[in-house]
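Text of the file run28.tsv, holding TSV, C-alpha atoms:
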```tsv
chain	number	residue	atom	x	y	z
A	1	MET	CA	113.90	214.18	127.63
A	2	ILE	CA	115.05	210.77	126.41
A	3	PHE	CA	116.45	208.11	128.73
A	4	PHE	CA	119.45	206.28	127.25
A	5	PRO	CA	120.50	203.08	129.05
A	6	ALA	CA	124.18	202.42	128.44
A	7	ILE	CA	125.78	199.20	127.29
A	8	ASP	CA	129.57	199.48	127.48
A	9	LEU	CA	131.40	196.64	125.75
A	10	LYS	CA	134.74	195.15	126.74
A	11	GLN	CA	135.82	191.83	125.25
A	12	GLY	CA	132.25	191.18	124.16
A	13	ARG	CA	130.75	191.66	127.61
A	14	CYS	CA	128.83	194.41	129.39
A	15	VAL	CA	131.01	196.31	131.87
A	16	ARG	CA	131.24	199.61	133.66
A	17	LEU	CA	134.35	201.64	134.36
A	18	ARG	CA	135.30	204.26	136.93
A	19	ARG	CA	136.30	207.53	135.27
A	20	GLY	CA	137.12	205.68	132.06
A	21	ASP	CA	139.89	203.55	133.60
A	22	MET	CA	139.87	200.14	131.88
A	23	ALA	CA	141.64	198.61	134.89
A	24	THR	CA	138.50	199.27	136.96
A	25	ALA	CA	136.14	197.34	134.65
A	26	ILE	CA	133.40	195.46	136.45
A	27	GLU	CA	131.46	192.90	134.43
A	28	PHE	CA	127.67	193.03	134.77
A	29	ASN	CA	126.42	190.79	131.99
A	30	GLN	CA	128.23	188.33	129.73
A	31	ASP	CA	125.50	188.62	127.09
A	32	PRO	CA	125.01	192.12	125.60
A	33	ALA	CA	122.00	190.95	123.59
A	34	ASP	CA	120.33	189.78	126.78
A	35	GLN	CA	121.03	193.13	128.39
A	36	ALA	CA	119.52	194.92	125.41
A	37	ARG	CA	116.36	192.83	125.75
A	38	ILE	CA	116.14	193.73	129.44
A	39	PHE	CA	116.21	197.42	128.57
A	40	ALA	CA	113.72	196.97	125.73
A	41	ASP	CA	111.33	195.11	128.02
A	42	ALA	CA	111.57	198.01	130.48
A	43	GLY	CA	110.24	200.37	127.82
A	44	CYS	CA	113.48	202.09	126.85
A	45	ARG	CA	113.29	203.74	123.44
A	46	TRP	CA	117.00	204.08	122.65
A	47	LEU	CA	120.23	202.27	123.51
A	48	HIS	CA	123.56	203.99	124.09
A	49	VAL	CA	126.32	201.52	123.15
A	50	VAL	CA	130.06	202.10	123.50
A	51	ASP	CA	132.83	199.87	122.16
A	52	LEU	CA	135.37	200.51	124.93
A	53	ASP	CA	138.06	198.37	123.35
A	54	GLY	CA	137.49	200.21	120.10
A	55	ALA	CA	137.95	203.58	121.77
A	56	PHE	CA	141.47	202.58	122.79
A	57	ALA	CA	142.31	200.67	119.60
A	58	GLY	CA	141.04	203.40	117.27
A	59	ARG	CA	138.94	200.92	115.33
A	60	PRO	CA	135.86	198.75	115.99
A	61	VAL	CA	136.62	195.74	118.19
A	62	ASN	CA	133.28	194.55	119.57
A	63	GLY	CA	131.46	194.41	116.26
A	64	SER	CA	129.90	191.02	116.86
A	65	ALA	CA	128.45	192.15	120.19
A	66	VAL	CA	126.98	195.28	118.59
A	67	ALA	CA	125.46	193.15	115.82
A	68	ALA	CA	123.96	190.81	118.41
A	69	ILE	CA	122.38	193.75	120.22
A	70	MET	CA	120.79	195.07	117.04
A	71	ALA	CA	119.52	191.61	116.12
A	72	ALA	CA	117.99	191.12	119.58
A	73	VAL	CA	115.92	194.30	119.85
A	74	ASP	CA	114.07	196.70	117.60
A	75	LEU	CA	115.44	199.85	119.22
A	76	PRO	CA	117.51	202.66	117.72
A	77	VAL	CA	121.15	202.43	118.75
A	78	GLN	CA	123.63	205.26	119.09
A	79	LEU	CA	127.13	203.83	118.95
A	80	GLY	CA	130.51	205.23	119.90
A	81	GLY	CA	134.05	203.91	120.29
A	82	GLY	CA	136.70	203.47	117.62
A	83	ILE	CA	134.86	205.33	114.86
A	84	ARG	CA	137.66	207.39	113.36
A	85	THR	CA	136.97	207.30	109.61
A	86	LEU	CA	134.08	208.09	107.30
A	87	ALA	CA	134.18	204.51	106.01
A	88	THR	CA	133.77	203.12	109.53
A	89	ALA	CA	130.86	205.44	110.23
A	90	ALA	CA	129.23	204.52	106.94
A	91	ASN	CA	129.65	200.82	107.62
A	92	TRP	CA	127.87	201.03	110.97
A	93	LEU	CA	125.08	203.18	109.61
A	94	ASP	CA	124.60	200.83	106.67
A	95	ARG	CA	124.36	197.93	109.14
A	96	GLY	CA	121.51	199.55	111.02
A	97	VAL	CA	123.02	201.75	113.73
A	98	ARG	CA	120.72	204.79	113.98
A	99	ARG	CA	123.52	207.23	114.69
A	100	VAL	CA	127.24	207.07	115.33
A	101	ILE	CA	129.17	209.07	117.88
A	102	LEU	CA	132.41	210.72	116.83
A	103	GLY	CA	134.56	211.57	119.84
A	104	THR	CA	138.32	211.52	119.30
A	105	ALA	CA	137.70	212.08	115.60
A	106	ALA	CA	135.75	215.27	116.35
A	107	LEU	CA	138.79	216.83	117.98
A	108	ARG	CA	141.46	215.39	115.70
A	109	TYR	CA	139.60	215.52	112.38
A	110	PRO	CA	136.78	218.11	112.49
A	111	ASP	CA	136.32	217.92	108.72
A	112	LEU	CA	135.36	214.28	109.17
A	113	VAL	CA	132.39	215.36	111.30
A	114	ARG	CA	131.27	217.82	108.65
A	115	ASP	CA	131.64	215.30	105.84
A	116	ALA	CA	129.78	212.65	107.82
A	117	CYS	CA	126.94	215.06	108.63
A	118	ALA	CA	126.65	215.96	104.94
A	119	ASP	CA	126.58	212.31	103.89
A	120	PHE	CA	124.31	211.10	106.71
A	121	PRO	CA	122.00	213.93	107.83
A	122	GLY	CA	120.62	213.50	111.32
A	123	ARG	CA	122.71	210.42	112.05
A	124	ILE	CA	125.96	211.87	113.40
A	125	ALA	CA	126.50	212.74	117.05
A	126	VAL	CA	129.60	214.21	118.66
A	127	GLY	CA	130.87	212.82	121.94
A	128	ILE	CA	132.51	215.45	124.13
A	129	ASP	CA	134.17	213.90	127.16
A	130	ALA	CA	135.63	216.46	129.52
A	131	ARG	CA	137.89	216.33	132.54
A	132	ASP	CA	137.89	219.61	134.49
A	133	GLY	CA	136.23	221.25	131.51
A	134	ARG	CA	138.87	220.12	128.98
A	135	VAL	CA	138.26	217.55	126.27
A	136	ALA	CA	139.86	214.12	126.70
A	137	VAL	CA	140.33	211.69	123.80
A	138	GLU	CA	141.72	208.26	122.90
A	139	GLY	CA	139.47	206.47	125.37
A	140	TRP	CA	140.00	209.37	127.82
A	141	SER	CA	143.69	208.51	128.07
A	142	GLU	CA	144.86	211.82	126.56
A	143	GLN	CA	143.95	215.31	127.76
A	144	SER	CA	143.66	218.24	125.35
A	145	ASP	CA	143.70	221.99	125.95
A	146	THR	CA	140.37	222.46	124.17
A	147	SER	CA	137.33	223.31	126.26
A	148	ALA	CA	134.10	221.40	125.83
A	149	LEU	CA	132.27	224.56	124.78
A	150	ASP	CA	134.88	225.53	122.19
A	151	LEU	CA	134.71	222.09	120.60
A	152	ALA	CA	130.91	222.11	120.55
A	153	ARG	CA	130.80	225.53	118.90
A	154	ARG	CA	132.97	224.31	116.04
A	155	PHE	CA	130.09	222.14	114.83
A	156	GLU	CA	127.08	224.41	115.30
A	157	ASP	CA	126.65	224.81	111.56
A	158	ALA	CA	127.60	221.23	110.63
A	159	GLY	CA	124.25	219.52	111.14
A	160	VAL	CA	125.25	217.43	114.18
A	161	ALA	CA	122.24	215.55	115.54
A	162	ALA	CA	123.34	215.65	119.18
A	163	ILE	CA	126.24	216.13	121.52
A	164	ILE	CA	126.78	213.54	124.24
A	165	PHE	CA	128.52	215.43	127.02
A	166	THR	CA	130.31	213.36	129.66
A	167	ASP	CA	131.94	214.72	132.77
A	168	ILE	CA	134.69	212.12	133.21
A	169	GLY	CA	135.16	212.93	136.87
A	170	ARG	CA	131.59	211.85	137.56
A	171	ASP	CA	131.52	208.77	135.34
A	172	GLY	CA	131.00	205.47	137.12
A	173	VAL	CA	131.68	206.78	140.62
A	174	MET	CA	128.04	207.22	141.71
A	175	GLN	CA	128.50	210.81	142.90
A	176	GLY	CA	125.78	212.46	140.85
A	177	PRO	CA	125.90	214.05	137.38
A	178	ASN	CA	127.28	217.48	136.57
A	179	ILE	CA	123.89	218.98	135.76
A	180	GLU	CA	125.11	222.56	136.04
A	181	ALA	CA	127.84	222.12	133.43
A	182	THR	CA	125.52	220.22	131.11
A	183	VAL	CA	122.80	222.87	131.31
A	184	ALA	CA	125.41	225.59	130.73
A	185	LEU	CA	126.71	223.83	127.63
A	186	ALA	CA	123.23	223.13	126.27
A	187	SER	CA	122.19	226.74	126.85
A	188	ALA	CA	125.22	228.07	124.98
A	189	ILE	CA	124.74	226.13	121.73
A	190	ASP	CA	121.95	225.18	119.35
A	191	ILE	CA	122.83	221.48	119.11
A	192	PRO	CA	120.78	219.15	121.36
A	193	VAL	CA	122.87	218.01	124.35
A	194	ILE	CA	122.62	214.63	126.08
A	195	MET	CA	124.03	214.39	129.60
A	196	SER	CA	126.22	211.44	130.56
A	197	GLY	CA	128.19	210.42	133.61
A	198	GLY	CA	127.40	210.23	137.30
A	199	VAL	CA	123.71	209.37	137.47
A	200	SER	CA	123.42	207.24	140.62
A	201	THR	CA	119.83	207.57	141.87
A	202	MET	CA	116.32	208.40	140.74
A	203	ALA	CA	116.80	211.67	142.60
A	204	ASP	CA	119.60	212.53	140.16
A	205	LEU	CA	117.19	212.01	137.27
A	206	GLU	CA	114.55	214.11	138.99
A	207	ALA	CA	117.11	216.88	139.45
A	208	ALA	CA	118.16	216.63	135.81
A	209	LYS	CA	114.55	216.88	134.72
A	210	ALA	CA	113.88	219.88	136.97
A	211	ALA	CA	116.99	221.79	135.89
A	212	GLY	CA	117.16	220.64	132.29
A	213	GLU	CA	113.55	220.52	131.13
A	214	GLY	CA	113.49	222.02	127.65
A	215	VAL	CA	117.29	222.40	127.69
A	216	ILE	CA	118.83	218.92	128.03
A	217	ALA	CA	117.70	216.51	125.30
A	218	GLY	CA	118.42	213.27	127.16
A	219	VAL	CA	120.29	211.45	129.90
A	220	VAL	CA	122.63	208.45	129.63
A	221	CYS	CA	122.67	206.10	132.60
A	222	GLY	CA	124.88	203.06	133.09
A	223	ARG	CA	126.24	201.71	136.34
A	224	ALA	CA	123.24	202.75	138.47
A	225	LEU	CA	121.04	200.56	136.29
A	226	TYR	CA	123.25	197.54	136.81
A	227	ASP	CA	123.58	198.19	140.54
A	228	GLY	CA	119.81	198.44	140.88
A	229	ARG	CA	119.87	202.03	142.09
A	230	VAL	CA	117.91	203.23	139.06
A	231	ASP	CA	114.99	201.31	137.61
A	232	ALA	CA	114.90	201.61	133.83
A	233	ALA	CA	111.11	201.53	133.56
A	234	GLU	CA	110.71	204.22	136.22
A	235	ALA	CA	113.40	206.34	134.57
A	236	VAL	CA	111.62	206.19	131.22
A	237	ARG	CA	108.32	207.19	132.82
A	238	LEU	CA	109.97	210.06	134.65
A	239	LEU	CA	111.87	211.57	131.75
A	240	HIS	CA	109.87	210.68	128.69
A	241	HIS	CA	107.36	213.03	127.15
A	242	ALA	CA	105.29	212.85	123.99
A	243	THR	CA	108.14	212.38	121.55
A	244	ASP	CA	109.23	209.52	119.37
A	245	GLY	CA	112.87	210.11	120.27
A	246	LYS	CA	114.01	210.76	116.71
```
Please, can you express the file's structure as structure tokens?
Amino acid sequence: MIFFPAIDLKQGRCVRLRRGDMATAIEFNQDPADQARIFADAGCRWLHVVDLDGAFAGRPVNGSAVAAIMAAVDLPVQLGGGIRTLATAANWLDRGVRRVILGTAALRYPDLVRDACADFPGRIAVGIDARDGRVAVEGWSEQSDTSALDLARRFEDAGVAAIIFTDIGRDGVMQGPNIEATVALASAIDIPVIMSGGVSTMADLEAAKAAGEGVIAGVVCGRALYDGRVDAAEAVRLLHHATDGK
């Protein structure tokens, strides 16, 4: 199980939100590259980076911050936020992002996911962000009628590298992750599933490991790292097994 420390970018700085509400942004570090180095020094093997401004704008906004992160550390980066076209995905992958996350695009333009997977095998992830089980898009500002499971099943034969599943109701509020829903989703499909949203303590990670061993591929953690409730080095030691994380 891979531990993914999150770096969420707003106006070039590292922030965390509550339930995806941009008005609740709390700044934790003005230097994303510095934050990336902190995670690298702790032994993290991946970075989960989200361009929050891009998610709302529908196009990349924090490109310079992402570039600074990749220049600062030699870690694979999975990047989401504002990636709505094949050209945008290709640009990021050409610049060194290990894999891109298609969220809104996966719901609006499913053929884009398939085309991207064909062009970039193993380097396309789908972000499924759900509120009460239903997929939300456009930076979580719009709610759809599509269930998380239905959306995931649309891409089972597409070659998607991973699904990052976020329970919006748990995100950034320090109330614990929705392990049950994540395990249920991961058990119902063949695509590796990464859990995101709600991790607030080491006990949450221990619970995720106990319930999701062999089922959940990884865990994204954000605010608890910045608050000091989760230690990145300890989290890596807890979750990581003999895998290179590819």
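Atom CA of A:Leu86 is found 11.1 Å from atom CA of A:Ala118.
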Next on the checklist: List as a ChimeraX atom specification the protein and nucleic acid residues near A:Pro192, meaning an atom at most 12 Å away when all atoms listed in the file are counted, but skip any in the same chain fewer than 2 places from it.
Outcome noted: /A:1-2,122,124-127,152,155-156,159-165,182-183,185-190,194-195,212,214-219,246
Write to file, as an mmCIF file, in the coordinates of the input, the residues of the selection just made, with C-alpha atoms.
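Produced file part.cif, reproduced below:
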```cif
data_model
loop_
_atom_site.group_PDB
_atom_site.id
_atom_site.type_symbol
_atom_site.label_atom_id
_atom_site.label_comp_id
_atom_site.auth_asym_id
_atom_site.auth_seq_id
_atom_site.Cartn_x
_atom_site.Cartn_y
_atom_site.Cartn_z
ATOM 1 C CA MET A 1 113.900 214.180 127.630
ATOM 2 C CA ILE A 2 115.050 210.770 126.410
ATOM 3 C CA GLY A 122 120.620 213.500 111.320
ATOM 4 C CA ILE A 124 125.960 211.870 113.400
ATOM 5 C CA ALA A 125 126.500 212.740 117.050
ATOM 6 C CA VAL A 126 129.600 214.210 118.660
ATOM 7 C CA GLY A 127 130.870 212.820 121.940
ATOM 8 C CA ALA A 152 130.910 222.110 120.550
ATOM 9 C CA PHE A 155 130.090 222.140 114.830
ATOM 10 C CA GLU A 156 127.080 224.410 115.300
ATOM 11 C CA GLY A 159 124.250 219.520 111.140
ATOM 12 C CA VAL A 160 125.250 217.430 114.180
ATOM 13 C CA ALA A 161 122.240 215.550 115.540
ATOM 14 C CA ALA A 162 123.340 215.650 119.180
ATOM 15 C CA ILE A 163 126.240 216.130 121.520
ATOM 16 C CA ILE A 164 126.780 213.540 124.240
ATOM 17 C CA PHE A 165 128.520 215.430 127.020
ATOM 18 C CA THR A 182 125.520 220.220 131.110
ATOM 19 C CA VAL A 183 122.800 222.870 131.310
ATOM 20 C CA LEU A 185 126.710 223.830 127.630
ATOM 21 C CA ALA A 186 123.230 223.130 126.270
ATOM 22 C CA SER A 187 122.190 226.740 126.850
ATOM 23 C CA ALA A 188 125.220 228.070 124.980
ATOM 24 C CA ILE A 189 124.740 226.130 121.730
ATOM 25 C CA ASP A 190 121.950 225.180 119.350
ATOM 26 C CA ILE A 194 122.620 214.630 126.080
ATOM 27 C CA MET A 195 124.030 214.390 129.600
ATOM 28 C CA GLY A 212 117.160 220.640 132.290
ATOM 29 C CA GLY A 214 113.490 222.020 127.650
ATOM 30 C CA VAL A 215 117.290 222.400 127.690
ATOM 31 C CA ILE A 216 118.830 218.920 128.030
ATOM 32 C CA ALA A 217 117.700 216.510 125.300
ATOM 33 C CA GLY A 218 118.420 213.270 127.160
ATOM 34 C CA VAL A 219 120.290 211.450 129.900
ATOM 35 C CA LYS A 246 114.010 210.760 116.710
#
```
Next on the checklist: Neighbouring residues of A:Asp204 were defined as those with any atom within 9 Å, considering only C-alpha atoms; residues of the same chain fewer than 6 positions away were excluded. Please report them as a list in words.
Outcome noted: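 Here the answer would be Gly176, Pro177, Ile179 and Gly198 of chain A.
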Item to check | Option closest in space to A:Ala33, from A:Ala181, A:Val15, A:Ala6, A:Ala71 [counting all atoms listed in the file] | outcome: A:Ala71
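One distance worth recording is that between atom CA of A:Arg131 and atom CA of A:Ala55, which is 16.7 Å.
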Item to check | Selected residue, from A:Ala158, A:Ile191, A:Ala40, A:Ala207, that lies nearest to A:Ala233 when counting all atoms listed in the file | outcome: A:Ala40
Checklist entry - Taking (125.1, 197.6, 134.5) in the file's coordinates as the center, which residues reach within 7 Å of it, counting all atoms listed in the file, put as number ranges by chain? => result A: 15-16, 28, 222-227
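For the atom pair formed by atom CA of A:Gly54 and atom CA of A:Cys117, the distance is 21.5 Å, given to one decimal.
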Missing atoms in stretch 113-131 of chain A should be modelled up to N, CA and C atoms and reported as a PDB file, in the coordinates of the input.
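Wrote it out as rebuild38.pdb, contents follow:
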```
ATOM      1  N   VAL A 113     133.735 215.149 110.755  1.00  0.00           N
ATOM      2  CA  VAL A 113     132.390 215.360 111.300  1.00  0.00           C
ATOM      3  C   VAL A 113     131.518 216.055 110.254  1.00  0.00           C
ATOM      4  N   ARG A 114     132.052 217.087 109.637  1.00  0.00           N
ATOM      5  CA  ARG A 114     131.270 217.820 108.650  1.00  0.00           C
ATOM      6  C   ARG A 114     130.929 216.946 107.433  1.00  0.00           C
ATOM      7  N   ASP A 115     131.897 216.178 106.982  1.00  0.00           N
ATOM      8  CA  ASP A 115     131.640 215.300 105.840  1.00  0.00           C
ATOM      9  C   ASP A 115     130.598 214.239 106.194  1.00  0.00           C
ATOM     10  N   ALA A 116     130.724 213.685 107.396  1.00  0.00           N
ATOM     11  CA  ALA A 116     129.780 212.650 107.820  1.00  0.00           C
ATOM     12  C   ALA A 116     128.366 213.222 107.948  1.00  0.00           C
ATOM     13  N   CYS A 117     128.254 214.424 108.501  1.00  0.00           N
ATOM     14  CA  CYS A 117     126.940 215.060 108.630  1.00  0.00           C
ATOM     15  C   CYS A 117     126.319 215.332 107.264  1.00  0.00           C
ATOM     16  N   ALA A 118     127.150 215.710 106.297  1.00  0.00           N
ATOM     17  CA  ALA A 118     126.650 215.960 104.940  1.00  0.00           C
ATOM     18  C   ALA A 118     126.182 214.677 104.284  1.00  0.00           C
ATOM     19  N   ASP A 119     126.923 213.595 104.509  1.00  0.00           N
ATOM     20  CA  ASP A 119     126.580 212.310 103.890  1.00  0.00           C
ATOM     21  C   ASP A 119     125.431 211.602 104.607  1.00  0.00           C
ATOM     22  N   PHE A 120     125.317 211.822 105.914  1.00  0.00           N
ATOM     23  CA  PHE A 120     124.310 211.100 106.710  1.00  0.00           C
ATOM     24  C   PHE A 120     123.564 212.088 107.614  1.00  0.00           C
ATOM     25  N   PRO A 121     122.712 212.904 107.039  1.00  0.00           N
ATOM     26  CA  PRO A 121     122.000 213.930 107.830  1.00  0.00           C
ATOM     27  C   PRO A 121     121.221 213.318 108.991  1.00  0.00           C
ATOM     28  N   GLY A 122     121.367 213.932 110.143  1.00  0.00           N
ATOM     29  CA  GLY A 122     120.620 213.500 111.320  1.00  0.00           C
ATOM     30  C   GLY A 122     121.127 212.241 111.980  1.00  0.00           C
ATOM     31  N   ARG A 123     122.259 211.713 111.523  1.00  0.00           N
ATOM     32  CA  ARG A 123     122.710 210.420 112.050  1.00  0.00           C
ATOM     33  C   ARG A 123     124.124 210.475 112.632  1.00  0.00           C
ATOM     34  N   ILE A 124     124.626 211.700 112.842  1.00  0.00           N
ATOM     35  CA  ILE A 124     125.960 211.870 113.400  1.00  0.00           C
ATOM     36  C   ILE A 124     125.881 212.654 114.704  1.00  0.00           C
ATOM     37  N   ALA A 125     126.400 212.056 115.760  1.00  0.00           N
ATOM     38  CA  ALA A 125     126.500 212.740 117.050  1.00  0.00           C
ATOM     39  C   ALA A 125     127.977 212.950 117.368  1.00  0.00           C
ATOM     40  N   VAL A 126     128.240 213.939 118.211  1.00  0.00           N
ATOM     41  CA  VAL A 126     129.600 214.210 118.660  1.00  0.00           C
ATOM     42  C   VAL A 126     129.678 213.914 120.150  1.00  0.00           C
ATOM     43  N   GLY A 127     130.649 213.106 120.536  1.00  0.00           N
ATOM     44  CA  GLY A 127     130.870 212.820 121.940  1.00  0.00           C
ATOM     45  C   GLY A 127     131.937 213.753 122.492  1.00  0.00           C
ATOM     46  N   ILE A 128     131.559 214.542 123.479  1.00  0.00           N
ATOM     47  CA  ILE A 128     132.510 215.450 124.130  1.00  0.00           C
ATOM     48  C   ILE A 128     132.682 214.979 125.568  1.00  0.00           C
ATOM     49  N   ASP A 129     133.847 214.435 125.845  1.00  0.00           N
ATOM     50  CA  ASP A 129     134.170 213.900 127.160  1.00  0.00           C
ATOM     51  C   ASP A 129     135.179 214.835 127.805  1.00  0.00           C
ATOM     52  N   ALA A 130     134.795 215.418 128.927  1.00  0.00           N
ATOM     53  CA  ALA A 130     135.630 216.460 129.520  1.00  0.00           C
ATOM     54  C   ALA A 130     136.079 216.105 130.924  1.00  0.00           C
ATOM     55  N   ARG A 131     137.330 216.439 131.191  1.00  0.00           N
ATOM     56  CA  ARG A 131     137.890 216.330 132.540  1.00  0.00           C
ATOM     57  C   ARG A 131     138.291 217.730 132.969  1.00  0.00           C
TER      58      ARG A 131
END
```
